[in-house]
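Note: the block below is start.pdb and it holds PDB, C-alpha atoms.
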```
ATOM      1  CA  MET A1363     -18.077   1.975  17.390  1.00  0.00           C
ATOM      2  CA  SER A1364     -15.653  -0.922  17.729  1.00  0.00           C
ATOM      3  CA  GLU A1365     -12.275  -0.813  16.000  1.00  0.00           C
ATOM      4  CA  GLU A1366     -13.314  -3.610  13.639  1.00  0.00           C
ATOM      5  CA  MET A1367     -16.551  -1.839  12.675  1.00  0.00           C
ATOM      6  CA  GLU A1368     -14.667   1.408  12.161  1.00  0.00           C
ATOM      7  CA  ARG A1369     -12.143  -0.263   9.862  1.00  0.00           C
ATOM      8  CA  THR A1370     -14.959  -1.886   7.883  1.00  0.00           C
ATOM      9  CA  TYR A1371     -16.648   1.505   7.507  1.00  0.00           C
ATOM     10  CA  VAL A1372     -13.425   3.168   6.367  1.00  0.00           C
ATOM     11  CA  THR A1373     -12.818   0.371   3.865  1.00  0.00           C
ATOM     12  CA  GLN A1374     -16.357   0.881   2.559  1.00  0.00           C
ATOM     13  CA  LEU A1375     -15.745   4.622   2.177  1.00  0.00           C
ATOM     14  CA  VAL A1376     -12.452   4.117   0.348  1.00  0.00           C
ATOM     15  CA  GLY A1377     -13.977   1.415  -1.830  1.00  0.00           C
ATOM     16  CA  ARG A1378     -16.894   3.683  -2.685  1.00  0.00           C
ATOM     17  CA  ALA A1379     -14.516   6.450  -3.744  1.00  0.00           C
ATOM     18  CA  MET A1380     -12.628   4.008  -5.961  1.00  0.00           C
ATOM     19  CA  TYR A1381     -15.874   2.694  -7.441  1.00  0.00           C
ATOM     20  CA  LEU A1382     -17.196   6.210  -8.153  1.00  0.00           C
ATOM     21  CA  ARG A1383     -14.004   7.284  -9.840  1.00  0.00           C
ATOM     22  CA  TYR A1384     -13.899   4.159 -12.007  1.00  0.00           C
ATOM     23  CA  ALA A1385     -17.604   4.321 -12.904  1.00  0.00           C
ATOM     24  CA  LYS A1386     -17.298   7.970 -13.928  1.00  0.00           C
ATOM     25  CA  TYR A1387     -14.182   7.207 -15.973  1.00  0.00           C
ATOM     26  CA  LYS A1388     -15.953   4.364 -17.792  1.00  0.00           C
ATOM     27  CA  GLY A1389     -19.242   6.243 -18.125  1.00  0.00           C
ATOM     28  CA  TYR A1390     -21.196   3.677 -16.108  1.00  0.00           C
ATOM     29  CA  SER A1391     -24.393   4.477 -14.251  1.00  0.00           C
ATOM     30  CA  ILE A1392     -23.680   5.082 -10.582  1.00  0.00           C
ATOM     31  CA  LYS A1393     -25.401   2.696  -8.195  1.00  0.00           C
ATOM     32  CA  PRO A1394     -26.596   4.184  -4.887  1.00  0.00           C
ATOM     33  CA  TRP A1395     -24.705   4.038  -1.592  1.00  0.00           C
ATOM     34  CA  PRO A1396     -23.550   1.689  -0.151  1.00  0.00           C
ATOM     35  CA  TYR A1397     -22.760  -0.162  -3.382  1.00  0.00           C
ATOM     36  CA  VAL A1398     -19.096  -0.930  -4.036  1.00  0.00           C
ATOM     37  CA  ASP A1399     -18.035  -3.363  -6.731  1.00  0.00           C
ATOM     38  CA  PRO A1400     -15.985  -6.349  -5.518  1.00  0.00           C
ATOM     39  CA  GLY A1401     -12.758  -5.195  -7.193  1.00  0.00           C
ATOM     40  CA  SER A1402     -12.869  -1.730  -5.619  1.00  0.00           C
ATOM     41  CA  GLN A1403     -13.674  -3.315  -2.267  1.00  0.00           C
ATOM     42  CA  GLN A1404     -10.601  -5.550  -2.483  1.00  0.00           C
ATOM     43  CA  TYR A1405      -8.358  -2.644  -3.489  1.00  0.00           C
ATOM     44  CA  ALA A1406      -9.765  -0.554  -0.637  1.00  0.00           C
ATOM     45  CA  ASP A1407      -9.128  -3.336   1.853  1.00  0.00           C
ATOM     46  CA  THR A1408      -5.516  -3.542   0.676  1.00  0.00           C
ATOM     47  CA  ALA A1409      -5.089   0.236   0.834  1.00  0.00           C
ATOM     48  CA  VAL A1410      -6.478   0.497   4.368  1.00  0.00           C
ATOM     49  CA  GLU A1411      -4.402  -2.475   5.490  1.00  0.00           C
ATOM     50  CA  LEU A1412      -1.155  -1.066   4.097  1.00  0.00           C
ATOM     51  CA  LEU A1413      -1.695   2.658   4.662  1.00  0.00           C
ATOM     52  CA  GLY A1414      -3.975   2.697   7.673  1.00  0.00           C
ATOM     53  CA  TYR A1415      -6.192   5.635   8.591  1.00  0.00           C
ATOM     54  CA  GLN A1416      -6.701   8.156  11.329  1.00  0.00           C
ATOM     55  CA  PRO A1417     -10.118   7.950  13.036  1.00  0.00           C
ATOM     56  CA  ASP A1418     -10.398  11.734  13.139  1.00  0.00           C
ATOM     57  CA  GLU A1419     -10.204  11.788   9.311  1.00  0.00           C
ATOM     58  CA  ILE A1420     -13.408   9.755   8.841  1.00  0.00           C
ATOM     59  CA  PRO A1421     -15.689  12.834   8.681  1.00  0.00           C
ATOM     60  CA  GLU A1422     -13.452  14.239   5.937  1.00  0.00           C
ATOM     61  CA  MET A1423     -13.783  10.983   3.992  1.00  0.00           C
ATOM     62  CA  VAL A1424     -17.571  11.145   4.286  1.00  0.00           C
ATOM     63  CA  LYS A1425     -17.571  14.793   3.142  1.00  0.00           C
ATOM     64  CA  ALA A1426     -15.324  13.952   0.180  1.00  0.00           C
ATOM     65  CA  LEU A1427     -17.803  11.297  -0.980  1.00  0.00           C
ATOM     66  CA  GLU A1428     -20.694  13.754  -0.685  1.00  0.00           C
ATOM     67  CA  ASP A1429     -18.815  16.190  -2.927  1.00  0.00           C
ATOM     68  CA  PHE A1430     -17.732  13.536  -5.452  1.00  0.00           C
TER      69      PHE A1430
END
```

Let me see the file written as structure tokens.
Amino acid sequence: MSEEMERTYVTQLVGRAMYLRYAKYKGYSIKPWPYVDPGSQQYADTAVELLGYQPDEIPEMVKALEDF
């Protein structure tokens, strides 16, 4: 996987986590993967840009979403 594709995937994972947390907080119906609302996607992009990520942590991110 290219670095750009990996970053896009990580941003999608982070955005999905943000979306799930917000939807549960508001009591909204959860849309299926890979849905991420535009606001969560923008916040995730900012978070990944500023904080970065470690490629070896991607499986942990995936697992965290499965357990959400």

Q) Once the PyMOL selection byres ((chain A and resi 1410) around 10) has been applied to the shown file, what residues remain in the selection, as a list in words? A) Arg1369, Thr1370, Val1372, Thr1373, Val1376, Gly1377, Tyr1405, Ala1406, Asp1407, Thr1408, Ala1409, Glu1411, Leu1412, Leu1413, Gly1414 and Tyr1415 of chain A

Q.
Residues within 12 Å of segment 1383-1389 of chain A, please, as a list in words. Count all atoms listed in the file; anything in the same chain fewer than 2 positions from it doesn't count.
A.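 Residues meeting the cut-off are Val1376, Gly1377, Arg1378, Ala1379, Met1380, Tyr1381, Ser1391, Ile1392, Lys1393, Tyr1397, Val1398, Asp1399, Gly1401, Ser1402, Leu1427 and Phe1430 of chain A.
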
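The spacing separating atom CA of Met1363 of chain A from atom CA of Asp1429 of chain A amounts to 24.8 Å.
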
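When atom CA of Leu1375 of chain A is paired with atom CA of Val1424 of chain A, their separation reads 7.1 Å.
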
**Q.** Residue nearest Ser1364 of chain A - candidates A:Pro1417, A:Pro1396, A:Ala1426, A:Leu1382, atoms counted: only C-alpha atoms
**A.**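 For Ser1364 of chain A, the nearest of the candidates is A:Pro1417.
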
Q: Grab the atom CA of Lys1425 of chain A to atom CA of Glu1365 of chain A distance for me, in Å with one decimal place.
A: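 Going from atom CA of Lys1425 of chain A over to atom CA of Glu1365 of chain A covers 20.9 Å.
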
Starting from the incomplete input, reconstruct N, CA and C atoms of segment 1370-1389 of chain A and write that as a compact mmCIF listing (two decimals), in the coordinates of the input.
```txt
# COMPACT_ATOMS: atom_id res chain seq x y z
N THR A 1370 -14.04 -1.46 8.94
CA THR A 1370 -14.96 -1.89 7.88
C THR A 1370 -15.61 -0.67 7.22
N TYR A 1371 -16.03 0.29 8.03
CA TYR A 1371 -16.65 1.50 7.51
C TYR A 1371 -15.66 2.29 6.65
N VAL A 1372 -14.44 2.45 7.13
CA VAL A 1372 -13.42 3.17 6.37
C VAL A 1372 -13.14 2.45 5.05
N THR A 1373 -13.04 1.14 5.09
CA THR A 1373 -12.82 0.37 3.86
C THR A 1373 -13.98 0.58 2.89
N GLN A 1374 -15.19 0.64 3.41
CA GLN A 1374 -16.36 0.88 2.56
C GLN A 1374 -16.27 2.27 1.93
N LEU A 1375 -15.87 3.26 2.70
CA LEU A 1375 -15.74 4.62 2.18
C LEU A 1375 -14.69 4.70 1.08
N VAL A 1376 -13.54 4.10 1.33
CA VAL A 1376 -12.45 4.12 0.35
C VAL A 1376 -12.87 3.34 -0.90
N GLY A 1377 -13.50 2.20 -0.69
CA GLY A 1377 -13.98 1.42 -1.83
C GLY A 1377 -15.00 2.17 -2.65
N ARG A 1378 -15.89 2.90 -1.98
CA ARG A 1378 -16.89 3.68 -2.68
C ARG A 1378 -16.24 4.77 -3.53
N ALA A 1379 -15.23 5.43 -2.98
CA ALA A 1379 -14.52 6.45 -3.74
C ALA A 1379 -13.86 5.84 -4.98
N MET A 1380 -13.25 4.68 -4.82
CA MET A 1380 -12.63 4.01 -5.96
C MET A 1380 -13.67 3.62 -7.00
N TYR A 1381 -14.79 3.08 -6.54
CA TYR A 1381 -15.87 2.69 -7.44
C TYR A 1381 -16.41 3.91 -8.20
N LEU A 1382 -16.67 5.01 -7.50
CA LEU A 1382 -17.20 6.21 -8.15
C LEU A 1382 -16.25 6.75 -9.21
N ARG A 1383 -14.99 6.78 -8.89
CA ARG A 1383 -14.00 7.28 -9.84
C ARG A 1383 -13.96 6.40 -11.09
N TYR A 1384 -13.96 5.09 -10.89
CA TYR A 1384 -13.90 4.16 -12.01
C TYR A 1384 -15.18 4.22 -12.85
N ALA A 1385 -16.33 4.26 -12.19
CA ALA A 1385 -17.60 4.32 -12.90
C ALA A 1385 -17.71 5.60 -13.73
N LYS A 1386 -17.27 6.71 -13.18
CA LYS A 1386 -17.30 7.97 -13.93
C LYS A 1386 -16.33 7.91 -15.10
N TYR A 1387 -15.17 7.35 -14.91
CA TYR A 1387 -14.18 7.21 -15.97
C TYR A 1387 -14.73 6.37 -17.13
N LYS A 1388 -15.42 5.27 -16.78
CA LYS A 1388 -15.95 4.36 -17.79
C LYS A 1388 -17.31 4.81 -18.34
N GLY A 1389 -17.93 5.78 -17.69
CA GLY A 1389 -19.24 6.24 -18.12
C GLY A 1389 -20.39 5.35 -17.68
```
